[in-house]
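J.: Below is the file input-v3.cif, with mmCIF, C-alpha atoms and all ligand atoms.
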data_work
loop_
_atom_site.label_atom_id
_atom_site.label_comp_id
_atom_site.auth_asym_id
_atom_site.auth_seq_id
_atom_site.Cartn_x
_atom_site.Cartn_y
_atom_site.Cartn_z
CA MET A 1 -57.10 -2.09 10.97
CA LYS A 2 -56.53 1.17 12.83
CA PHE A 3 -53.14 1.74 14.48
CA GLY A 4 -53.93 0.55 18.02
CA THR A 5 -55.50 -2.66 16.73
CA LYS A 6 -52.51 -3.26 14.46
CA ALA A 7 -50.11 -2.67 17.35
CA ILE A 8 -51.80 -5.48 19.25
CA HIS A 9 -52.62 -7.94 16.46
CA ALA A 10 -50.55 -7.36 13.29
CA GLY A 11 -48.07 -10.09 12.43
CA VAL A 12 -48.96 -12.32 15.36
CA SER A 13 -51.34 -15.24 15.60
CA PRO A 14 -51.86 -17.90 18.27
CA ASP A 15 -49.07 -20.49 18.24
CA SER A 16 -50.09 -23.31 15.89
CA ALA A 17 -48.68 -26.03 18.19
CA THR A 18 -50.25 -24.95 21.51
CA GLY A 19 -52.60 -22.02 20.95
CA ALA A 20 -50.37 -19.78 23.09
CA ILE A 21 -51.66 -16.24 22.54
CA MET A 22 -48.19 -14.74 22.93
CA THR A 23 -45.64 -15.65 20.26
CA PRO A 24 -43.26 -18.20 21.87
CA ILE A 25 -39.55 -17.48 22.16
CA TYR A 26 -38.15 -19.96 19.64
CA GLN A 27 -34.76 -20.16 21.31
CA THR A 28 -33.21 -22.46 18.74
CA SER A 29 -30.39 -22.17 16.25
CA THR A 30 -31.63 -24.85 13.88
CA TYR A 31 -34.68 -26.90 12.80
CA VAL A 32 -34.92 -30.64 12.12
CA GLN A 33 -35.69 -31.50 8.50
CA ASP A 34 -37.93 -34.42 7.46
CA GLY A 35 -35.64 -35.09 4.52
CA ILE A 36 -32.85 -33.14 2.83
CA GLY A 37 -34.13 -29.60 2.21
CA ASN A 38 -37.57 -30.54 3.53
CA HIS A 39 -38.17 -28.08 6.37
CA LYS A 40 -41.14 -26.03 7.57
CA GLY A 41 -39.85 -22.69 6.27
CA TYR A 42 -37.16 -22.35 8.91
CA ALA A 43 -33.72 -23.86 8.26
CA TYR A 44 -31.28 -21.90 10.41
CA SER A 45 -31.93 -19.01 12.83
CA ARG A 46 -29.55 -16.52 11.19
CA SER A 47 -31.75 -16.77 8.08
CA GLN A 48 -35.19 -17.16 9.72
CA ASN A 49 -36.58 -17.51 13.21
CA PRO A 50 -40.32 -17.68 13.99
CA THR A 51 -40.21 -15.15 16.86
CA ARG A 52 -38.19 -12.68 14.78
CA HIS A 53 -40.43 -13.36 11.80
CA ALA A 54 -43.58 -12.40 13.76
CA LEU A 55 -41.88 -9.16 14.83
CA GLU A 56 -40.78 -8.39 11.26
CA LYS A 57 -44.37 -8.82 10.07
CA SER A 58 -45.68 -6.66 12.91
CA LEU A 59 -43.23 -3.83 12.16
CA ALA A 60 -43.96 -3.96 8.42
CA ALA A 61 -47.71 -3.69 9.16
CA LEU A 62 -47.23 -0.73 11.52
CA GLU A 63 -45.34 1.16 8.80
CA ASN A 64 -47.81 0.17 6.05
CA GLY A 65 -44.98 -1.75 4.39
CA LYS A 66 -44.73 -5.18 2.78
CA HIS A 67 -41.35 -6.32 4.09
CA GLY A 68 -39.61 -5.99 7.46
CA ALA A 69 -36.19 -7.11 8.67
CA CYS A 70 -34.77 -6.93 12.18
CA PHE A 71 -31.13 -6.45 13.12
CA GLY A 72 -28.94 -6.62 16.21
CA SER A 73 -29.03 -2.81 16.59
CA GLY A 74 -30.16 0.33 14.79
CA MET A 75 -26.57 0.69 13.57
CA ALA A 76 -26.67 -2.81 12.03
CA ALA A 77 -29.84 -1.78 10.16
CA ILE A 78 -28.11 1.36 8.84
CA ASP A 79 -25.10 -0.79 7.91
CA CYS A 80 -27.42 -2.97 5.81
CA VAL A 81 -28.76 0.01 3.83
CA LEU A 82 -25.24 1.27 3.11
CA LYS A 83 -24.16 -2.20 1.95
CA MET A 84 -26.71 -1.90 -0.87
CA LEU A 85 -24.35 0.71 -2.41
CA ASN A 86 -21.14 0.32 -4.42
CA PRO A 87 -17.78 2.13 -4.37
CA GLY A 88 -18.11 5.46 -6.21
CA ASP A 89 -21.74 5.93 -5.14
CA GLU A 90 -22.72 9.14 -3.35
CA VAL A 91 -25.10 9.76 -0.46
CA ILE A 92 -26.85 13.00 0.45
CA SER A 93 -27.52 12.96 4.18
CA THR A 94 -29.14 15.23 6.72
CA ASN A 95 -26.36 17.27 8.38
CA ASP A 96 -27.98 17.17 11.83
CA LEU A 97 -28.29 13.49 12.66
CA TYR A 98 -27.52 10.87 15.27
CA GLY A 99 -23.75 10.87 15.94
CA GLY A 100 -23.44 7.11 15.38
CA THR A 101 -24.96 7.44 11.91
CA TYR A 102 -22.42 10.17 11.09
CA ARG A 103 -19.65 7.91 12.46
CA ILE A 104 -20.58 4.83 10.40
CA PHE A 105 -20.85 6.98 7.25
CA LYS A 106 -17.50 8.73 7.80
CA THR A 107 -15.33 6.09 9.42
CA ILE A 108 -16.65 2.86 7.87
CA PHE A 109 -18.22 3.49 4.47
CA GLU A 110 -16.10 6.43 3.26
CA LYS A 111 -13.17 4.00 3.41
CA TYR A 112 -14.96 1.77 0.88
CA GLY A 113 -15.27 4.59 -1.63
CA ILE A 114 -18.72 5.96 -0.82
CA LYS A 115 -18.94 9.77 -0.74
CA PHE A 116 -21.19 11.63 1.71
CA HIS A 117 -22.64 15.13 1.47
CA PHE A 118 -24.07 16.43 4.76
CA VAL A 119 -26.74 18.96 3.90
CA GLY A 120 -29.17 21.13 5.88
CA MET A 121 -32.47 19.74 4.58
CA GLN A 122 -34.94 21.93 6.48
CA ASN A 123 -35.55 23.42 3.05
CA ALA A 124 -35.79 20.43 0.70
CA ASP A 125 -34.74 22.67 -2.21
CA ASN A 126 -31.18 22.51 -0.80
CA ILE A 127 -30.92 18.82 -1.72
CA GLU A 128 -31.08 19.05 -5.51
CA ALA A 129 -27.79 20.98 -5.85
CA TYR A 130 -25.91 17.90 -4.53
CA VAL A 131 -27.48 15.39 -6.92
CA ASN A 132 -25.26 13.97 -9.67
CA GLU A 133 -25.17 10.75 -11.68
CA ASN A 134 -23.44 8.94 -8.77
CA THR A 135 -26.09 9.82 -6.18
CA LYS A 136 -27.75 6.59 -5.06
CA LEU A 137 -29.17 7.35 -1.61
CA ILE A 138 -30.79 10.25 0.26
CA TRP A 139 -30.64 9.71 4.03
CA VAL A 140 -33.19 11.63 6.07
CA GLU A 141 -33.68 11.74 9.82
CA THR A 142 -36.81 13.60 10.95
CA PRO A 143 -37.25 14.90 13.60
CA THR A 144 -33.47 15.16 13.76
CA ASN A 145 -31.44 14.15 16.78
CA PRO A 146 -30.90 16.37 18.76
CA MET A 147 -31.99 19.64 17.11
CA MET A 148 -35.56 18.52 16.38
CA ASN A 149 -35.41 19.88 12.83
CA ILE A 150 -38.21 18.70 10.59
CA ILE A 151 -37.56 17.57 7.03
CA ASP A 152 -40.37 17.49 4.49
CA ILE A 153 -40.53 13.81 3.47
CA THR A 154 -43.00 14.35 0.60
CA ALA A 155 -40.87 17.13 -0.93
CA THR A 156 -37.70 15.02 -0.53
CA ALA A 157 -39.42 12.00 -2.12
CA LYS A 158 -40.32 14.16 -5.14
CA ILE A 159 -36.60 14.83 -5.68
CA SER A 160 -35.58 11.20 -5.07
CA LYS A 161 -38.19 9.96 -7.56
CA LYS A 162 -37.24 12.57 -10.18
CA TYR A 163 -33.65 11.26 -10.22
CA GLY A 164 -34.30 7.58 -9.39
CA ILE A 165 -32.48 7.79 -6.05
CA MET A 166 -33.37 5.60 -3.08
CA LEU A 167 -34.82 7.55 -0.12
CA ALA A 168 -34.29 6.15 3.39
CA VAL A 169 -35.89 7.74 6.45
CA ASP A 170 -34.74 7.16 10.03
CA ASN A 171 -38.15 7.14 11.74
CA THR A 172 -36.80 6.42 15.25
CA PHE A 173 -37.98 9.67 16.90
CA ALA A 174 -41.45 9.80 15.35
CA THR A 175 -42.29 6.05 15.36
CA PRO A 176 -45.02 4.70 13.06
CA TYR A 177 -47.58 6.09 15.52
CA LEU A 178 -46.74 9.67 14.50
CA GLN A 179 -45.42 9.34 10.96
CA ASN A 180 -45.42 6.80 8.09
CA PRO A 181 -42.67 7.72 5.60
CA LEU A 182 -43.48 4.94 3.07
CA ASP A 183 -46.89 6.56 2.57
CA MET A 184 -45.09 9.83 1.73
CA GLY A 185 -42.85 8.26 -0.92
CA ALA A 186 -39.84 6.96 1.04
CA ASP A 187 -38.32 3.66 -0.14
CA ILE A 188 -36.89 2.41 3.17
CA ILE A 189 -37.71 3.14 6.80
CA MET A 190 -35.06 2.56 9.42
CA HIS A 191 -35.72 2.24 13.15
CA SER A 192 -33.58 2.07 16.21
CA VAL A 193 -36.08 -0.36 17.76
CA THR A 194 -34.08 0.12 20.96
CA LYS A 195 -36.08 3.32 21.51
CA TYR A 196 -39.89 3.78 21.40
CA LEU A 197 -40.74 0.50 19.64
CA GLY A 198 -39.11 -1.58 22.38
CA GLY A 199 -40.11 1.16 24.80
CA HIS A 200 -38.79 -0.34 28.04
CA SER A 201 -35.02 0.23 27.83
CA ASP A 202 -34.31 -3.50 27.86
CA VAL A 203 -33.38 -4.29 24.25
CA VAL A 204 -30.93 -3.05 21.59
CA MET A 205 -32.34 -3.69 18.10
CA GLY A 206 -32.77 -2.20 14.63
CA ALA A 207 -35.23 -2.67 11.78
CA LEU A 208 -35.78 -1.84 8.13
CA ILE A 209 -39.14 -1.75 6.38
CA CYS A 210 -39.80 -1.37 2.67
CA ASN A 211 -42.40 -2.07 -0.06
CA ASP A 212 -40.25 -2.69 -3.10
CA ASP A 213 -39.47 -6.39 -3.74
CA THR A 214 -36.03 -5.68 -5.25
CA ILE A 215 -34.97 -3.62 -2.24
CA ALA A 216 -36.41 -6.32 0.03
CA ASN A 217 -34.34 -9.03 -1.68
CA GLU A 218 -31.19 -6.99 -1.11
CA MET A 219 -32.22 -6.32 2.51
CA TYR A 220 -32.72 -10.02 3.28
CA ARG A 221 -29.58 -11.04 1.33
CA ILE A 222 -27.45 -8.65 3.39
CA GLN A 223 -29.25 -9.51 6.66
CA ASN A 224 -28.43 -13.18 6.10
CA SER A 225 -24.95 -12.67 4.61
CA SER A 226 -23.66 -10.20 7.20
CA GLY A 227 -25.57 -11.97 9.97
CA ALA A 228 -26.26 -8.99 12.23
CA VAL A 229 -29.60 -10.46 13.30
CA THR A 230 -31.52 -9.99 16.52
CA ALA A 231 -32.18 -12.73 19.09
CA PRO A 232 -35.50 -14.57 19.71
CA MET A 233 -35.74 -13.33 23.31
CA ASP A 234 -35.25 -9.72 22.22
CA SER A 235 -37.80 -10.20 19.44
CA PHE A 236 -40.30 -11.39 22.04
CA LEU A 237 -39.65 -8.37 24.27
CA VAL A 238 -40.24 -5.97 21.39
CA LEU A 239 -43.41 -7.83 20.31
CA ARG A 240 -44.65 -7.22 23.84
CA GLY A 241 -43.50 -3.58 23.84
CA ILE A 242 -45.31 -2.85 20.56
CA LYS A 243 -48.65 -3.87 22.06
CA THR A 244 -48.67 -0.62 24.07
CA LEU A 245 -46.89 1.63 21.56
CA HIS A 246 -50.01 3.71 20.85
CA LEU A 247 -50.77 4.17 24.58
CA ARG A 248 -47.19 5.09 25.42
CA MET A 249 -46.84 7.48 22.48
CA GLN A 250 -50.06 9.26 23.39
CA ARG A 251 -48.67 9.95 26.88
CA HIS A 252 -45.18 10.83 25.56
CA CYS A 253 -46.85 13.46 23.36
CA GLU A 254 -49.01 14.85 26.19
CA ASN A 255 -46.08 15.06 28.60
CA GLY A 256 -43.82 16.46 25.87
CA LYS A 257 -46.18 19.37 25.34
CA VAL A 258 -46.37 20.17 29.06
CA ILE A 259 -42.58 20.04 29.52
CA ALA A 260 -41.85 22.04 26.35
CA ASN A 261 -44.16 24.82 27.54
CA PHE A 262 -42.67 24.74 31.05
CA LEU A 263 -39.13 25.10 29.65
CA ALA A 264 -40.12 27.87 27.24
CA ALA A 265 -41.38 29.94 30.19
CA HIS A 266 -38.37 29.25 32.47
CA PRO A 267 -36.02 32.22 33.10
CA LYS A 268 -32.84 30.08 33.01
CA VAL A 269 -33.72 28.48 29.66
CA ASP A 270 -32.69 30.14 26.41
CA LYS A 271 -33.96 28.19 23.37
CA VAL A 272 -36.37 25.23 23.35
CA TYR A 273 -36.44 22.92 20.33
CA TRP A 274 -39.74 21.08 19.90
CA PRO A 275 -41.72 20.82 16.64
CA GLY A 276 -45.04 21.45 18.39
CA PHE A 277 -44.31 25.17 18.85
CA ALA A 278 -45.94 27.39 16.23
CA SER A 279 -42.58 29.25 16.20
CA HIS A 280 -40.66 26.11 15.11
CA PRO A 281 -39.36 26.88 11.58
CA ASN A 282 -41.01 23.78 10.08
CA HIS A 283 -44.04 23.56 12.36
CA GLU A 284 -46.39 23.54 9.36
CA VAL A 285 -44.52 20.58 7.80
CA ALA A 286 -44.57 18.77 11.15
CA LYS A 287 -48.33 19.35 11.40
CA ARG A 288 -48.83 17.93 7.91
CA GLN A 289 -46.63 14.84 8.14
CA MET A 290 -46.91 13.92 11.84
CA SER A 291 -50.02 13.21 13.89
CA GLY A 292 -48.39 14.62 17.07
CA PHE A 293 -45.11 16.16 18.15
CA GLY A 294 -43.58 13.52 20.42
CA GLY A 295 -41.71 13.61 23.69
CA MET A 296 -38.21 14.55 22.50
CA ILE A 297 -37.15 18.08 23.46
CA SER A 298 -33.80 19.88 23.38
CA PHE A 299 -33.02 23.18 25.10
CA THR A 300 -30.13 25.51 25.84
CA LEU A 301 -29.34 27.55 28.94
CA ILE A 302 -28.92 31.33 29.18
CA GLY A 303 -25.16 32.02 28.97
CA ASP A 304 -24.45 28.69 27.18
CA LYS A 305 -22.00 27.31 29.77
CA MET A 306 -21.11 23.60 29.71
CA LYS A 307 -20.71 23.60 33.50
CA ASP A 308 -24.28 24.89 33.95
CA ALA A 309 -25.55 22.10 31.71
CA HIS A 310 -23.58 19.55 33.74
CA THR A 311 -25.12 20.95 36.95
CA VAL A 312 -28.65 20.46 35.56
CA LEU A 313 -27.79 16.93 34.45
CA ASN A 314 -26.30 16.03 37.81
CA LYS A 315 -29.19 17.52 39.83
CA SER A 316 -32.08 15.94 37.97
CA LYS A 317 -33.31 12.73 39.58
CA LEU A 318 -36.45 11.48 37.86
CA PHE A 319 -34.86 12.45 34.56
CA ALA A 320 -32.09 9.85 34.68
CA LEU A 321 -28.73 10.81 33.21
CA ALA A 322 -28.28 8.25 30.45
CA GLU A 323 -27.71 7.64 26.75
CA SER A 324 -30.73 6.48 24.72
CA LEU A 325 -34.36 7.60 24.59
CA GLY A 326 -37.89 6.42 24.01
CA GLY A 327 -38.36 4.31 27.15
CA VAL A 328 -41.19 4.71 29.63
CA GLU A 329 -38.82 6.46 32.05
CA SER A 330 -37.62 10.03 31.41
CA LEU A 331 -33.97 10.48 30.44
CA ILE A 332 -31.71 13.51 30.25
CA GLY A 333 -28.57 13.76 28.17
CA HIS A 334 -25.85 16.14 27.00
CA PRO A 335 -25.38 15.62 23.23
CA ALA A 336 -22.00 17.42 23.00
CA THR A 337 -20.35 14.94 25.36
CA MET A 338 -22.63 11.92 24.93
CA THR A 339 -24.59 10.97 21.79
CA HIS A 340 -22.82 13.46 19.51
CA ALA A 341 -19.23 13.27 20.82
CA ALA A 342 -18.28 11.55 17.51
CA ILE A 343 -18.99 14.77 15.58
CA PRO A 344 -16.11 17.32 15.41
CA LYS A 345 -16.77 20.33 17.72
CA ALA A 346 -16.92 22.93 14.92
CA ASP A 347 -19.38 20.78 12.92
CA ARG A 348 -21.64 20.11 15.89
CA GLN A 349 -21.68 23.78 16.95
CA ALA A 350 -22.53 24.82 13.39
CA ILE A 351 -25.73 22.74 13.54
CA GLY A 352 -26.66 24.03 17.02
CA VAL A 353 -25.21 21.33 19.29
CA VAL A 354 -23.70 23.98 21.57
CA ASP A 355 -22.10 23.41 24.99
CA SER A 356 -25.27 23.97 27.05
CA LEU A 357 -27.61 21.96 24.82
CA ILE A 358 -29.56 19.42 26.89
CA ARG A 359 -31.76 16.72 25.38
CA LEU A 360 -34.77 15.26 27.16
CA SER A 361 -36.59 12.05 26.40
CA VAL A 362 -39.83 12.74 28.24
CA GLY A 363 -41.25 9.50 29.64
CA VAL A 364 -44.75 8.51 30.65
CA GLU A 365 -44.59 9.44 34.35
CA ASP A 366 -46.92 12.08 35.82
CA ALA A 367 -46.07 15.44 34.27
CA GLU A 368 -46.29 17.28 37.64
CA ASP A 369 -43.45 15.15 39.03
CA LEU A 370 -41.34 15.70 35.94
CA ILE A 371 -41.79 19.48 36.20
CA GLU A 372 -40.84 19.45 39.87
CA ASP A 373 -37.69 17.51 39.02
CA LEU A 374 -36.69 19.96 36.27
CA GLU A 375 -37.52 22.94 38.50
CA ASN A 376 -35.12 21.58 41.13
CA ALA A 377 -32.42 20.80 38.57
CA LEU A 378 -32.62 24.30 37.06
CA SER A 379 -32.75 26.16 40.37
C1 LIG A 401 -32.08 8.57 15.52
C2 LIG A 401 -31.24 7.37 15.79
N1 LIG A 401 -30.90 6.55 14.78
C3 LIG A 401 -30.14 5.45 14.98
C4 LIG A 401 -29.65 5.13 16.23
C5 LIG A 401 -28.80 3.89 16.43
O1 LIG A 401 -29.54 2.87 17.00
P1 LIG A 401 -28.95 1.74 18.02
O2 LIG A 401 -28.43 2.48 19.21
O3 LIG A 401 -30.12 0.87 18.28
O4 LIG A 401 -27.85 1.05 17.29
C6 LIG A 401 -29.97 5.95 17.31
C7 LIG A 401 -29.46 5.65 18.66
O5 LIG A 401 -29.49 6.46 19.56
C8 LIG A 401 -30.78 7.09 17.09
O6 LIG A 401 -31.12 7.93 18.09
#
What would the structure in this file look like if it were written as structure tokens?
T.:
Amino acid sequence: MKFGTKAIHAGVSPDSATGAIMTPIYQTSTYVQDGIGNHKGYAYSRSQNPTRHALEKSLAALENGKHGACFGSGMAAIDCVLKMLNPGDEVISTNDLYGGTYRIFKTIFEKYGIKFHFVGMQNADNIEAYVNENTKLIWVETPTNPMMNIIDITATAKISKKYGIMLAVDNTFATPYLQNPLDMGADIIMHSVTKYLGGHSDVVMGALICNDDTIANEMYRIQNSSGAVTAPMDSFLVLRGIKTLHLRMQRHCENGKVIANFLAAHPKVDKVYWPGFASHPNHEVAKRQMSGFGGMISFTLIGDKMKDAHTVLNKSKLFALAESLGGVESLIGHPATMTHAAIPKADRQAIGVVDSLIRLSVGVEDAEDLIEDLENALS
């Protein structure tokens, strides 16, 4: 099946009891057994739930993977990957990444004896210098949040395979519509489903997708043992959201291009970070591994003053001032004080998260209205 058909049909089938075309919300904690141990594949909803199961199958299909698992948030999905490691293991991670990912690495897993190396991966050759016999995981986010750096997944997978290291890719920004990391050699894909997959700003959820049966066994063992699962109602909402993922992403990409070009030509704007520009340092990699450039854009203001950034954020109206991204409505945020406040100032400035950096999640409204809103906010 092609992507749009998969988005609508993969993983779901009419309900066997009633024929309902939409997967029912199996709002139940447990399932009656005919005799001891004799159940219909579902024993307890932390372990399996039919609504969640349909979503897990749908997500696996969208990413061309065999196995999918859903969690109570993107962070719970990341937590699951890290729990596959042991004390003494080392992780090589993108240095420009979502602040919450940095926080869970540094403040939760470092305490349990896991060592992290945060590395600029725009040139994949930088990674190999950090590999040693303890390296067990390479963590890649691409495009990165918020600097929109692009990391070459195929080149990184070559290194991970050479040394037998697991490669995990946070595919939240690109979504399976734009990029399929398993096809490029990644072992695990992680999603903050909260964002484009859900798409309507009404659910917090995470997911992992993989092909390897051994990794899948670990993933399901930890999902069940730690119990950070997602609810049937939320699974239903995301199943519904996914049915329009391809339509929404197409419009996010179109609007993203219009807004990126508008910002690049604006006299008050200094730098614009968007992988669709030919001037983006890894534009050629983006063109090769993504089928479009998405609706996430970051930009800085001439003079780099935090107060100027705050003025823009306070004056925009259609672009709502809020955490998160990937919903149908446009959002505006200030990484230094919002999503990336967990990263020490010197570290965030070193990767480009300066005081005036503003991040946009361009929604699916009419582009003319979005431009008018930004014009007002910048004036
Ligand atoms: C790239 C990325 N990864 C992971 C997460 C964490 O996901 P969640 O907020 O669903 O826990 C986020 C959240 O903003 C994100 O942007």
J.: Which of these, A:Ala228, A:Met184, A:Leu370, A:Ala69, has the shortest distance to Arg52 in chain A once you count only C-alpha atoms?
T.: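 Residue with the minimum atom-to-atom distance to Arg52 in chain A: A:Ala69.
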J.: Between A:Cys70, A:Val269, A:Ala260, A:Ile92, single out the one closest to Arg46 in chain A, counting only C-alpha atoms.
T.: A:Cys70
J.: Give me, as a list in words, all polymer residues having an atom no more than 10 Å from Phe105 in chain A, counting all atoms listed in the file and skipping those fewer than 4 positions away in the same chain.
T.: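 That gives Ile78, Asp79, Leu82, Val91, Ser93, Gly99, Gly100, Thr101, Phe109, Glu110, Lys111, Ile114, Lys115 and Phe116 of chain A.
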J.: List all protein, DNA and RNA residues that have at least one atom no more than 6 Å from any atom of ligand LIG 401 (chain A), counting only C-alpha atoms and all ligand atoms, and write them as a PyMOL selection string.
T.: chain A and resi 73-75+98+145+172+192+194+204-206+324
J.: So how far away is CA of Asn126 in chain A from CA of Asn180 in chain A, in Å?
T.: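 A separation of 23.0 Å between them.
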J.: Thr51 in chain A: which residues within 7 Å, counting all atoms listed in the file, same-chain residues fewer than 2 positions away excluded, as a compact mmCIF listing (two decimals) with C-alpha atoms, in the frame of the given file?
T.:
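In the end it all went to selection-v3.txt:
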# COMPACT_ATOMS: atom_id res chain seq x y z
CA THR A 23 -45.64 -15.65 20.26
CA PRO A 24 -43.26 -18.20 21.87
CA ILE A 25 -39.55 -17.48 22.16
CA TYR A 26 -38.15 -19.96 19.64
CA ASN A 49 -36.58 -17.51 13.21
CA HIS A 53 -40.43 -13.36 11.80
CA ALA A 54 -43.58 -12.40 13.76
CA LEU A 55 -41.88 -9.16 14.83
CA PRO A 232 -35.50 -14.57 19.71
CA SER A 235 -37.80 -10.20 19.44
CA PHE A 236 -40.30 -11.39 22.04
J.: Between A:Ser379, A:Thr107, A:Thr337, A:Asn149, which residue has the minimum interatomic distance to Val354 in chain A, considering only C-alpha atoms?
T.: A:Thr337
J.: Could you please determine the separation between CA of Asp347 in chain A and CA of Phe299 in chain A in Å, to one decimal place?
T.: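 So the answer is 18.4 Å.
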J.: Kindly give the distance, in Å, that separates CA of Gln122 in chain A and CA of Thr156 in chain A, rounded to a single decimal.
T.: 10.2 Å
J.: Please provide as a short mmCIF file (atom, residue, chain, number, x, y, z; two decimals) with C-alpha atoms, in the frame of the given file all residues within 12 Å of Ile215 in chain A, with the sequence filter that same-chain residues fewer than 5 positions apart are discarded (counting only C-alpha atoms).
T.:
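Listing of part-v8.cif after writing:
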data_model
loop_
_atom_site.label_atom_id
_atom_site.label_comp_id
_atom_site.auth_asym_id
_atom_site.auth_seq_id
_atom_site.Cartn_x
_atom_site.Cartn_y
_atom_site.Cartn_z
CA LYS A 66 -44.73 -5.18 2.78
CA HIS A 67 -41.35 -6.32 4.09
CA GLY A 68 -39.61 -5.99 7.46
CA ALA A 69 -36.19 -7.11 8.67
CA CYS A 80 -27.42 -2.97 5.81
CA VAL A 81 -28.76 0.01 3.83
CA LYS A 83 -24.16 -2.20 1.95
CA MET A 84 -26.71 -1.90 -0.87
CA LEU A 85 -24.35 0.71 -2.41
CA MET A 166 -33.37 5.60 -3.08
CA LEU A 167 -34.82 7.55 -0.12
CA ALA A 168 -34.29 6.15 3.39
CA ASP A 187 -38.32 3.66 -0.14
CA ILE A 188 -36.89 2.41 3.17
CA ILE A 189 -37.71 3.14 6.80
CA LEU A 208 -35.78 -1.84 8.13
CA ILE A 209 -39.14 -1.75 6.38
CA CYS A 210 -39.80 -1.37 2.67
CA TYR A 220 -32.72 -10.02 3.28
CA ARG A 221 -29.58 -11.04 1.33
CA ILE A 222 -27.45 -8.65 3.39
#
